[in-house]
Amino acid sequence: MPKRMTRRQFLRGCLGIGTAVVVTPTCGLLYAFRIEPDWLQVRHVTVALPGLPPALDGFTIVHLSDLHLGPTVSVADIRHAVNVANTLKPDLVALTGDFVYRSADYAEPCAQELASLEATCGVVACLGNHDLWEDAPAIRQALTNVGIGVLVNAGLSLAGGALWVAGVDDVWSGRPDLGIALDSTPTGAAVILLAHEPDYADTVSEHGGVDLQLSGHSHGGQVRLPFTGAPMLPYLGQRYPAGLYRIGELTLYTNRGVGTIYPPVRFNCRPEVALITLTREF
């Protein structure tokens with residue numbers, strides 16, 4: 001027969017339960033506001049592309065997105081992401097938009113930090129909706145001034161013509177033109193498209209001519225609950241919010257981003273630097 005609980009044991013148990021009820025939500029909030037937003041993760045992603053030119057087998061891309069320098073993200077946060085990216089020694093760095101948050105005044109300090117990025121084939125970028133909402137020409141100029149190629153409905157030939165990297169204008173607030181961006185693609189080149197909003201992949205897949213699309217925008221939702229996923233996702237970031245997808249012949253990778261917007265929380269959705277390795281093998 002079980003031993004009867006004494007009054008002291010009962011009161012001690014009640015105190016323990018009460019403490020857990022108070023402490024657990026407090027710890028959860030502390031984690032979501034102060035710990036996970038700064039807990040940068042390096043994600044290693046292998047992307048197999050049929051018909052990849054032999055010269056690009058093993059080609060590496062560091063993908064950064066949604067830096068959002070501003071009230072919720074510091075220069076030190078951007079510097080940390082840049083330092084992590086440089087340790088990966090990529091062939092190319094791809095930046096998929098939203099460099100600032102709430103003011104274009106952050107464009108120059110953000111660009112100054114990004115100027116330290118190192119890659120054998122350089123650094124390329126597209127703009128995001130927040131960039132267009134603040135001051136797209138100023139942000140584009142700040143990035144161009146430090147040697148970052150900003151692709152707005154344009155493309156760039158790399159790796160001796162084996163790779164075509166294209167970028168479109170922001171899908172939400174700009175005038176994306178995929179046809180112009182792909183117009184000068186060399187015959188036989190692998191094609192990578194930078195497009196801030198991931199749901200644009202449906203249009204890209206239907207159009208054809210792109211092997212890999214790199215996007216951001218959604219932040220993965222910033223909060224991902226067990227079993228239910230992200231309770232809130234932005235316009236054009238709802239179908240493909242995070243990770244690797246296959247849409248017809250197109251491969252899409254959606255980056256969870258480095259920064260945050262209000263509320264500046266992350267839960268089960270760490271900020272990331274993605275290292276993407278291209279391969280010919282499935």
# chains A, B, ... in the order shown; residues from 1 in each chain; ligands from 1
$ residues_around --residues "Tyr106 of chain A" --least-positions-apart "6" --cutoff "10 Å" --atoms "only C-alpha atoms" --output "PyMOL selection string"
chain A and resi 68-71+74-75+99-100+139+142
$ residues_around --residues "Ala81 of chain A" --least-positions-apart "4" --cutoff "12 Å" --atoms "only C-alpha atoms" --output "PyMOL selection string"
chain A and resi 38-42+62-67+69+73-77+85-88+95+110+113-114+116-117+257-259+271-274
$ write_last_selection --atoms "N, CA and C atoms" --output "compact mmCIF listing (two decimals), in the first residue's frame"
# COMPACT_ATOMS: atom_id res chain seq x y z
N ASP A 38 20.15 35.28 -31.22
CA ASP A 38 21.60 35.44 -31.39
C ASP A 38 22.32 34.11 -31.63
N TRP A 39 21.59 33.02 -31.67
CA TRP A 39 22.19 31.67 -31.75
C TRP A 39 22.27 31.26 -33.22
N LEU A 40 23.24 31.81 -33.91
CA LEU A 40 23.38 31.60 -35.35
C LEU A 40 23.76 30.15 -35.66
N GLN A 41 23.07 29.57 -36.62
CA GLN A 41 23.31 28.19 -37.03
C GLN A 41 23.90 28.15 -38.43
N VAL A 42 24.90 27.30 -38.63
CA VAL A 42 25.41 27.03 -39.97
C VAL A 42 24.71 25.79 -40.50
N VAL A 62 27.72 30.47 -50.00
CA VAL A 62 27.19 30.92 -48.72
C VAL A 62 25.97 31.79 -49.02
N HIS A 63 24.86 31.41 -48.41
CA HIS A 63 23.60 32.13 -48.62
C HIS A 63 23.21 32.83 -47.32
N LEU A 64 23.14 34.16 -47.39
CA LEU A 64 22.68 34.99 -46.27
C LEU A 64 21.45 35.76 -46.71
N SER A 65 20.54 35.98 -45.77
CA SER A 65 19.33 36.71 -46.12
C SER A 65 18.80 37.46 -44.92
N ASP A 66 17.98 38.47 -45.19
CA ASP A 66 17.21 39.18 -44.16
C ASP A 66 18.09 39.61 -42.98
N LEU A 67 19.08 40.40 -43.29
CA LEU A 67 19.98 40.90 -42.24
C LEU A 67 19.27 41.90 -41.34
N LEU A 69 19.46 45.09 -40.53
CA LEU A 69 20.13 46.00 -39.61
C LEU A 69 19.15 47.12 -39.25
N VAL A 73 18.41 44.53 -34.74
CA VAL A 73 19.64 43.84 -35.15
C VAL A 73 20.79 44.84 -35.13
N SER A 74 21.90 44.46 -34.51
CA SER A 74 23.04 45.37 -34.35
C SER A 74 24.10 45.13 -35.42
N VAL A 75 25.00 46.09 -35.54
CA VAL A 75 26.16 45.93 -36.41
C VAL A 75 26.97 44.71 -35.99
N ALA A 76 27.07 44.47 -34.68
CA ALA A 76 27.81 43.30 -34.19
C ALA A 76 27.18 42.00 -34.67
N ASP A 77 25.85 41.97 -34.78
CA ASP A 77 25.17 40.77 -35.30
C ASP A 77 25.56 40.52 -36.76
N ALA A 85 30.51 33.35 -42.12
CA ALA A 85 30.50 33.06 -43.56
C ALA A 85 31.92 32.92 -44.10
N ASN A 86 32.81 33.78 -43.67
CA ASN A 86 34.18 33.73 -44.18
C ASN A 86 34.93 32.47 -43.74
N THR A 87 34.59 31.93 -42.59
CA THR A 87 35.25 30.68 -42.16
C THR A 87 34.89 29.52 -43.09
N LEU A 88 33.79 29.63 -43.82
CA LEU A 88 33.34 28.55 -44.70
C LEU A 88 34.04 28.57 -46.05
N LEU A 95 23.33 37.06 -51.38
CA LEU A 95 22.55 37.80 -50.39
C LEU A 95 21.16 38.06 -50.98
N CYS A 110 25.47 48.72 -42.83
CA CYS A 110 25.30 47.31 -43.21
C CYS A 110 26.27 46.95 -44.33
N GLU A 113 29.88 46.43 -43.26
CA GLU A 113 30.16 45.12 -42.67
C GLU A 113 30.22 44.04 -43.75
N LEU A 114 29.32 44.12 -44.71
CA LEU A 114 29.28 43.12 -45.78
C LEU A 114 30.49 43.22 -46.70
N SER A 116 33.40 42.99 -45.95
CA SER A 116 34.42 42.05 -45.49
C SER A 116 34.17 40.62 -45.97
N LEU A 117 33.04 40.39 -46.62
CA LEU A 117 32.76 39.04 -47.12
C LEU A 117 33.79 38.63 -48.16
N GLY A 257 17.08 33.43 -42.50
CA GLY A 257 17.55 34.79 -42.27
C GLY A 257 18.44 34.92 -41.05
N VAL A 258 19.10 36.07 -40.99
CA VAL A 258 19.97 36.40 -39.87
C VAL A 258 19.24 37.24 -38.83
N GLY A 259 18.47 38.23 -39.28
CA GLY A 259 17.84 39.17 -38.38
C GLY A 259 16.40 38.86 -38.07
N PRO A 271 18.37 31.74 -36.40
CA PRO A 271 18.94 32.44 -37.55
C PRO A 271 20.00 31.56 -38.20
N GLU A 272 20.24 31.76 -39.49
CA GLU A 272 21.14 30.84 -40.17
C GLU A 272 22.06 31.48 -41.19
N VAL A 273 23.19 30.82 -41.35
CA VAL A 273 24.07 30.97 -42.51
C VAL A 273 24.02 29.63 -43.22
N ALA A 274 23.64 29.62 -44.48
CA ALA A 274 23.55 28.36 -45.22
C ALA A 274 24.78 28.21 -46.12
$ residues_around --residues "Val223 of chain A" --least-positions-apart "4" --cutoff "8 Å" --atoms "only C-alpha atoms" --output "short mmCIF file (atom, residue, chain, number, x, y, z; two decimals) with C-alpha atoms, in the first residue's frame"
data_model
loop_
_atom_site.label_atom_id
_atom_site.label_comp_id
_atom_site.auth_asym_id
_atom_site.auth_seq_id
_atom_site.Cartn_x
_atom_site.Cartn_y
_atom_site.Cartn_z
CA GLY A 229 4.65 25.04 -37.39
CA ALA A 230 4.73 28.82 -37.83
CA PRO A 231 1.57 30.60 -36.61
CA VAL A 265 11.83 36.83 -31.08
CA ARG A 266 12.82 33.42 -32.40
CA PHE A 267 11.63 30.07 -31.11
CA ASN A 268 12.54 26.75 -32.71
CA CYS A 269 13.68 28.79 -35.72
#
$ select_by_dssp --residues "segment 16-118 of chain A" --states "helix (DSSP H, G or I)" --output "number ranges by chain"
A: 16-38, 54-56, 75-87, 104-114
$ write_last_selection --atoms "N, CA and C atoms" --output "short mmCIF file (atom, residue, chain, number, x, y, z; two decimals), in the first residue's frame"
data_model
loop_
_atom_site.label_atom_id
_atom_site.label_comp_id
_atom_site.auth_asym_id
_atom_site.auth_seq_id
_atom_site.Cartn_x
_atom_site.Cartn_y
_atom_site.Cartn_z
N GLY A 16 6.80 23.39 -5.44
CA GLY A 16 7.56 23.03 -6.63
C GLY A 16 6.76 23.23 -7.89
N ILE A 17 5.49 22.83 -7.87
CA ILE A 17 4.63 23.00 -9.04
C ILE A 17 4.42 24.48 -9.33
N GLY A 18 4.16 25.25 -8.26
CA GLY A 18 3.95 26.69 -8.43
C GLY A 18 5.17 27.38 -9.00
N THR A 19 6.35 26.99 -8.53
CA THR A 19 7.59 27.57 -9.06
C THR A 19 7.76 27.24 -10.53
N ALA A 20 7.46 26.00 -10.90
CA ALA A 20 7.58 25.60 -12.31
C ALA A 20 6.63 26.39 -13.19
N VAL A 21 5.41 26.62 -12.71
CA VAL A 21 4.42 27.36 -13.50
C VAL A 21 4.90 28.78 -13.76
N VAL A 22 5.56 29.41 -12.75
CA VAL A 22 6.05 30.77 -12.90
C VAL A 22 7.34 30.81 -13.70
N VAL A 23 8.28 29.92 -13.40
CA VAL A 23 9.62 29.97 -13.99
C VAL A 23 9.62 29.54 -15.45
N THR A 24 8.86 28.49 -15.80
CA THR A 24 8.91 27.96 -17.16
C THR A 24 8.53 29.00 -18.21
N PRO A 25 7.40 29.72 -18.08
CA PRO A 25 7.13 30.77 -19.08
C PRO A 25 8.18 31.87 -19.10
N THR A 26 8.70 32.23 -17.92
CA THR A 26 9.73 33.26 -17.86
C THR A 26 10.98 32.83 -18.60
N CYS A 27 11.40 31.59 -18.38
CA CYS A 27 12.58 31.07 -19.08
C CYS A 27 12.32 30.99 -20.58
N GLY A 28 11.09 30.60 -20.94
CA GLY A 28 10.75 30.52 -22.36
C GLY A 28 10.84 31.87 -23.04
N LEU A 29 10.34 32.90 -22.38
CA LEU A 29 10.40 34.25 -22.95
C LEU A 29 11.84 34.74 -23.04
N LEU A 30 12.61 34.46 -21.99
CA LEU A 30 14.02 34.85 -22.01
C LEU A 30 14.75 34.18 -23.16
N TYR A 31 14.49 32.90 -23.37
CA TYR A 31 15.12 32.16 -24.45
C TYR A 31 14.72 32.75 -25.81
N ALA A 32 13.41 33.00 -26.00
CA ALA A 32 12.91 33.46 -27.29
C ALA A 32 13.37 34.87 -27.63
N PHE A 33 13.53 35.73 -26.61
CA PHE A 33 13.91 37.11 -26.86
C PHE A 33 15.42 37.34 -26.81
N ARG A 34 16.13 36.60 -25.97
CA ARG A 34 17.52 36.94 -25.71
C ARG A 34 18.53 35.90 -26.17
N ILE A 35 18.12 34.66 -26.33
CA ILE A 35 19.09 33.60 -26.64
C ILE A 35 18.99 33.16 -28.10
N GLU A 36 17.84 32.65 -28.51
CA GLU A 36 17.77 32.09 -29.86
C GLU A 36 18.00 33.12 -30.97
N PRO A 37 17.53 34.37 -30.85
CA PRO A 37 17.81 35.34 -31.93
C PRO A 37 19.29 35.54 -32.21
N ASP A 38 20.15 35.28 -31.22
CA ASP A 38 21.60 35.44 -31.39
C ASP A 38 22.32 34.11 -31.63
N PRO A 54 30.44 19.95 -65.21
CA PRO A 54 31.48 19.32 -64.37
C PRO A 54 32.32 20.32 -63.59
N ALA A 55 32.54 21.49 -64.16
CA ALA A 55 33.36 22.50 -63.48
C ALA A 55 32.72 22.99 -62.18
N LEU A 56 31.41 22.78 -62.03
CA LEU A 56 30.69 23.27 -60.83
C LEU A 56 30.42 22.17 -59.82
N VAL A 75 25.00 46.09 -35.54
CA VAL A 75 26.16 45.93 -36.41
C VAL A 75 26.97 44.71 -35.99
N ALA A 76 27.07 44.47 -34.68
CA ALA A 76 27.81 43.30 -34.19
C ALA A 76 27.18 42.00 -34.67
N ASP A 77 25.85 41.97 -34.78
CA ASP A 77 25.17 40.77 -35.30
C ASP A 77 25.56 40.52 -36.76
N ILE A 78 25.58 41.58 -37.55
CA ILE A 78 25.96 41.44 -38.96
C ILE A 78 27.42 41.00 -39.05
N ARG A 79 28.28 41.60 -38.24
CA ARG A 79 29.70 41.26 -38.26
C ARG A 79 29.91 39.79 -37.91
N HIS A 80 29.16 39.30 -36.95
CA HIS A 80 29.28 37.89 -36.57
C HIS A 80 28.89 36.98 -37.73
N ALA A 81 27.80 37.30 -38.42
CA ALA A 81 27.37 36.49 -39.56
C ALA A 81 28.42 36.51 -40.67
N VAL A 82 29.02 37.67 -40.91
CA VAL A 82 30.06 37.79 -41.93
C VAL A 82 31.28 36.95 -41.55
N ASN A 83 31.68 37.02 -40.29
CA ASN A 83 32.84 36.24 -39.85
C ASN A 83 32.59 34.74 -39.99
N VAL A 84 31.39 34.30 -39.64
CA VAL A 84 31.04 32.88 -39.79
C VAL A 84 31.08 32.50 -41.27
N ALA A 85 30.51 33.35 -42.12
CA ALA A 85 30.50 33.06 -43.56
C ALA A 85 31.92 32.92 -44.10
N ASN A 86 32.81 33.78 -43.67
CA ASN A 86 34.18 33.73 -44.18
C ASN A 86 34.93 32.47 -43.74
N THR A 87 34.59 31.93 -42.59
CA THR A 87 35.25 30.68 -42.16
C THR A 87 34.89 29.52 -43.09
N ALA A 104 16.51 53.63 -44.23
CA ALA A 104 17.62 53.45 -45.16
C ALA A 104 18.92 53.97 -44.59
N ASP A 105 18.86 54.67 -43.45
CA ASP A 105 20.09 55.14 -42.81
C ASP A 105 21.00 53.98 -42.40
N TYR A 106 20.42 52.80 -42.27
CA TYR A 106 21.21 51.62 -41.89
C TYR A 106 21.93 51.00 -43.09
N ALA A 107 21.68 51.48 -44.30
CA ALA A 107 22.24 50.85 -45.49
C ALA A 107 23.76 50.91 -45.51
N GLU A 108 24.31 52.09 -45.24
CA GLU A 108 25.76 52.23 -45.31
C GLU A 108 26.49 51.40 -44.26
N PRO A 109 26.08 51.46 -42.98
CA PRO A 109 26.78 50.60 -42.00
C PRO A 109 26.62 49.12 -42.29
N CYS A 110 25.47 48.72 -42.83
CA CYS A 110 25.30 47.31 -43.21
C CYS A 110 26.27 46.95 -44.33
N ALA A 111 26.33 47.80 -45.34
CA ALA A 111 27.23 47.54 -46.48
C ALA A 111 28.69 47.49 -46.04
N GLN A 112 29.06 48.35 -45.10
CA GLN A 112 30.44 48.36 -44.62
C GLN A 112 30.81 47.04 -43.97
N GLU A 113 29.88 46.43 -43.26
CA GLU A 113 30.16 45.12 -42.67
C GLU A 113 30.22 44.04 -43.75
N LEU A 114 29.32 44.12 -44.71
CA LEU A 114 29.28 43.12 -45.78
C LEU A 114 30.49 43.22 -46.70
#
$ residues_around --residues "Pro241 of chain A" --least-positions-apart "5" --cutoff "12 Å" --atoms "only C-alpha atoms" --output "PyMOL selection string"
chain A and resi 196-201+214-224+229-236+252-257+269
$ write_last_selection --atoms "C-alpha atoms" --output "PDB file, in the first residue's frame"
ATOM      1  CA  HIS A 196      13.644  37.576 -52.164  1.00  0.00           C
ATOM      2  CA  GLU A 197      10.180  36.005 -51.862  1.00  0.00           C
ATOM      3  CA  PRO A 198      10.192  32.179 -51.959  1.00  0.00           C
ATOM      4  CA  ASP A 199       6.647  31.725 -53.257  1.00  0.00           C
ATOM      5  CA  TYR A 200       7.787  33.254 -56.538  1.00  0.00           C
ATOM      6  CA  ALA A 201       9.162  29.754 -57.183  1.00  0.00           C
ATOM      7  CA  LEU A 214      17.619  31.175 -53.441  1.00  0.00           C
ATOM      8  CA  SER A 215      15.173  33.149 -51.291  1.00  0.00           C
ATOM      9  CA  GLY A 216      14.543  34.462 -47.798  1.00  0.00           C
ATOM     10  CA  HIS A 217      11.748  36.812 -46.664  1.00  0.00           C
ATOM     11  CA  SER A 218       9.796  34.469 -44.368  1.00  0.00           C
ATOM     12  CA  HIS A 219      12.360  34.262 -41.519  1.00  0.00           C
ATOM     13  CA  GLY A 220      10.964  30.730 -41.229  1.00  0.00           C
ATOM     14  CA  GLY A 221       8.146  32.405 -39.321  1.00  0.00           C
ATOM     15  CA  GLN A 222      10.563  33.374 -36.489  1.00  0.00           C
ATOM     16  CA  VAL A 223       8.425  31.172 -34.214  1.00  0.00           C
ATOM     17  CA  ARG A 224       7.742  27.537 -35.081  1.00  0.00           C
ATOM     18  CA  GLY A 229       4.648  25.044 -37.393  1.00  0.00           C
ATOM     19  CA  ALA A 230       4.730  28.825 -37.828  1.00  0.00           C
ATOM     20  CA  PRO A 231       1.569  30.597 -36.611  1.00  0.00           C
ATOM     21  CA  MET A 232       2.287  33.605 -38.850  1.00  0.00           C
ATOM     22  CA  LEU A 233       4.007  33.894 -42.217  1.00  0.00           C
ATOM     23  CA  PRO A 234       4.275  36.909 -44.559  1.00  0.00           C
ATOM     24  CA  TYR A 235       2.687  37.399 -47.937  1.00  0.00           C
ATOM     25  CA  LEU A 236       4.628  35.442 -50.593  1.00  0.00           C
ATOM     26  CA  LEU A 252      14.344  26.129 -54.060  1.00  0.00           C
ATOM     27  CA  TYR A 253      16.174  26.946 -50.857  1.00  0.00           C
ATOM     28  CA  THR A 254      14.522  29.345 -48.406  1.00  0.00           C
ATOM     29  CA  ASN A 255      16.859  30.793 -45.792  1.00  0.00           C
ATOM     30  CA  ARG A 256      15.508  31.585 -42.299  1.00  0.00           C
ATOM     31  CA  GLY A 257      17.546  34.786 -42.268  1.00  0.00           C
ATOM     32  CA  CYS A 269      13.677  28.791 -35.721  1.00  0.00           C
TER      33      CYS A 269
END
$ residues_around --residues "segment 119-135 of chain A" --least-positions-apart "4" --cutoff "7 Å" --atoms "only C-alpha atoms" --output "ChimeraX atom specification"
/A:89-104,139,148-152,158,167-170,172-173,194-196
$ closest_residue --among "A:Gly188, A:Gly174, A:Gly237, A:Pro264" --to "Pro50 of chain A" --atoms "only C-alpha atoms"
A:Gly188
$ atom_distance --atom1 "atom CA of Ala166 of chain A" --atom2 "atom CA of Asp183 of chain A"
9.8 Å
$ atom_distance --atom1 "atom CA of Val210 of chain A" --atom2 "atom CA of Ile192 of chain A"
6.2 Å
$ closest_residue --among "A:Pro263, A:Gly209, A:Gly147, A:Pro137" --to "Ala190 of chain A" --atoms "only C-alpha atoms"
A:Gly209
$ select_by_dssp --residues "segment 225-262 of chain A" --states "strand (DSSP E)" --output "PyMOL selection string"
chain A and resi 243-247+250-254
$ write_last_selection --atoms "C-alpha atoms" --output "compact mmCIF listing (two decimals), in the first residue's frame"
# COMPACT_ATOMS: atom_id res chain seq x y z
CA GLY A 243 14.47 24.80 -46.14
CA LEU A 244 14.83 22.83 -49.37
CA TYR A 245 11.99 22.25 -51.84
CA ARG A 246 11.52 20.72 -55.25
CA ILE A 247 8.92 22.40 -57.49
CA LEU A 250 13.22 23.73 -59.96
CA THR A 251 15.06 23.42 -56.64
CA LEU A 252 14.34 26.13 -54.06
CA TYR A 253 16.17 26.95 -50.86
CA THR A 254 14.52 29.35 -48.41
$ residues_around --residues "Ile180 of chain A" --least-positions-apart "4" --cutoff "9 Å" --atoms "only C-alpha atoms" --output "list of chain:residue names"
A:Asn153, A:Ala154, A:Gly155, A:Val168, A:Ser184
$ write_last_selection --atoms "N, CA and C atoms" --output "PDB file, in the first residue's frame"
ATOM      1  N   ASN A 153      16.657  42.348 -62.128  1.00  0.00           N
ATOM      2  CA  ASN A 153      16.276  41.892 -63.471  1.00  0.00           C
ATOM      3  C   ASN A 153      17.507  41.843 -64.374  1.00  0.00           C
ATOM      4  N   ALA A 154      18.540  41.216 -63.849  1.00  0.00           N
ATOM      5  CA  ALA A 154      19.818  41.130 -64.564  1.00  0.00           C
ATOM      6  C   ALA A 154      20.535  39.859 -64.157  1.00  0.00           C
ATOM      7  N   GLY A 155      21.557  39.517 -64.929  1.00  0.00           N
ATOM      8  CA  GLY A 155      22.325  38.316 -64.634  1.00  0.00           C
ATOM      9  C   GLY A 155      23.807  38.558 -64.803  1.00  0.00           C
ATOM     10  N   VAL A 168      16.071  39.031 -59.621  1.00  0.00           N
ATOM     11  CA  VAL A 168      14.899  39.806 -60.034  1.00  0.00           C
ATOM     12  C   VAL A 168      14.602  40.882 -59.003  1.00  0.00           C
ATOM     13  N   SER A 184      20.345  36.570 -71.306  1.00  0.00           N
ATOM     14  CA  SER A 184      21.695  36.361 -71.844  1.00  0.00           C
ATOM     15  C   SER A 184      22.384  35.124 -71.279  1.00  0.00           C
TER      16      SER A 184
END
$ atom_distance --atom1 "atom CA of Glu249 of chain A" --atom2 "atom CA of Val191 of chain A"
12.2 Å
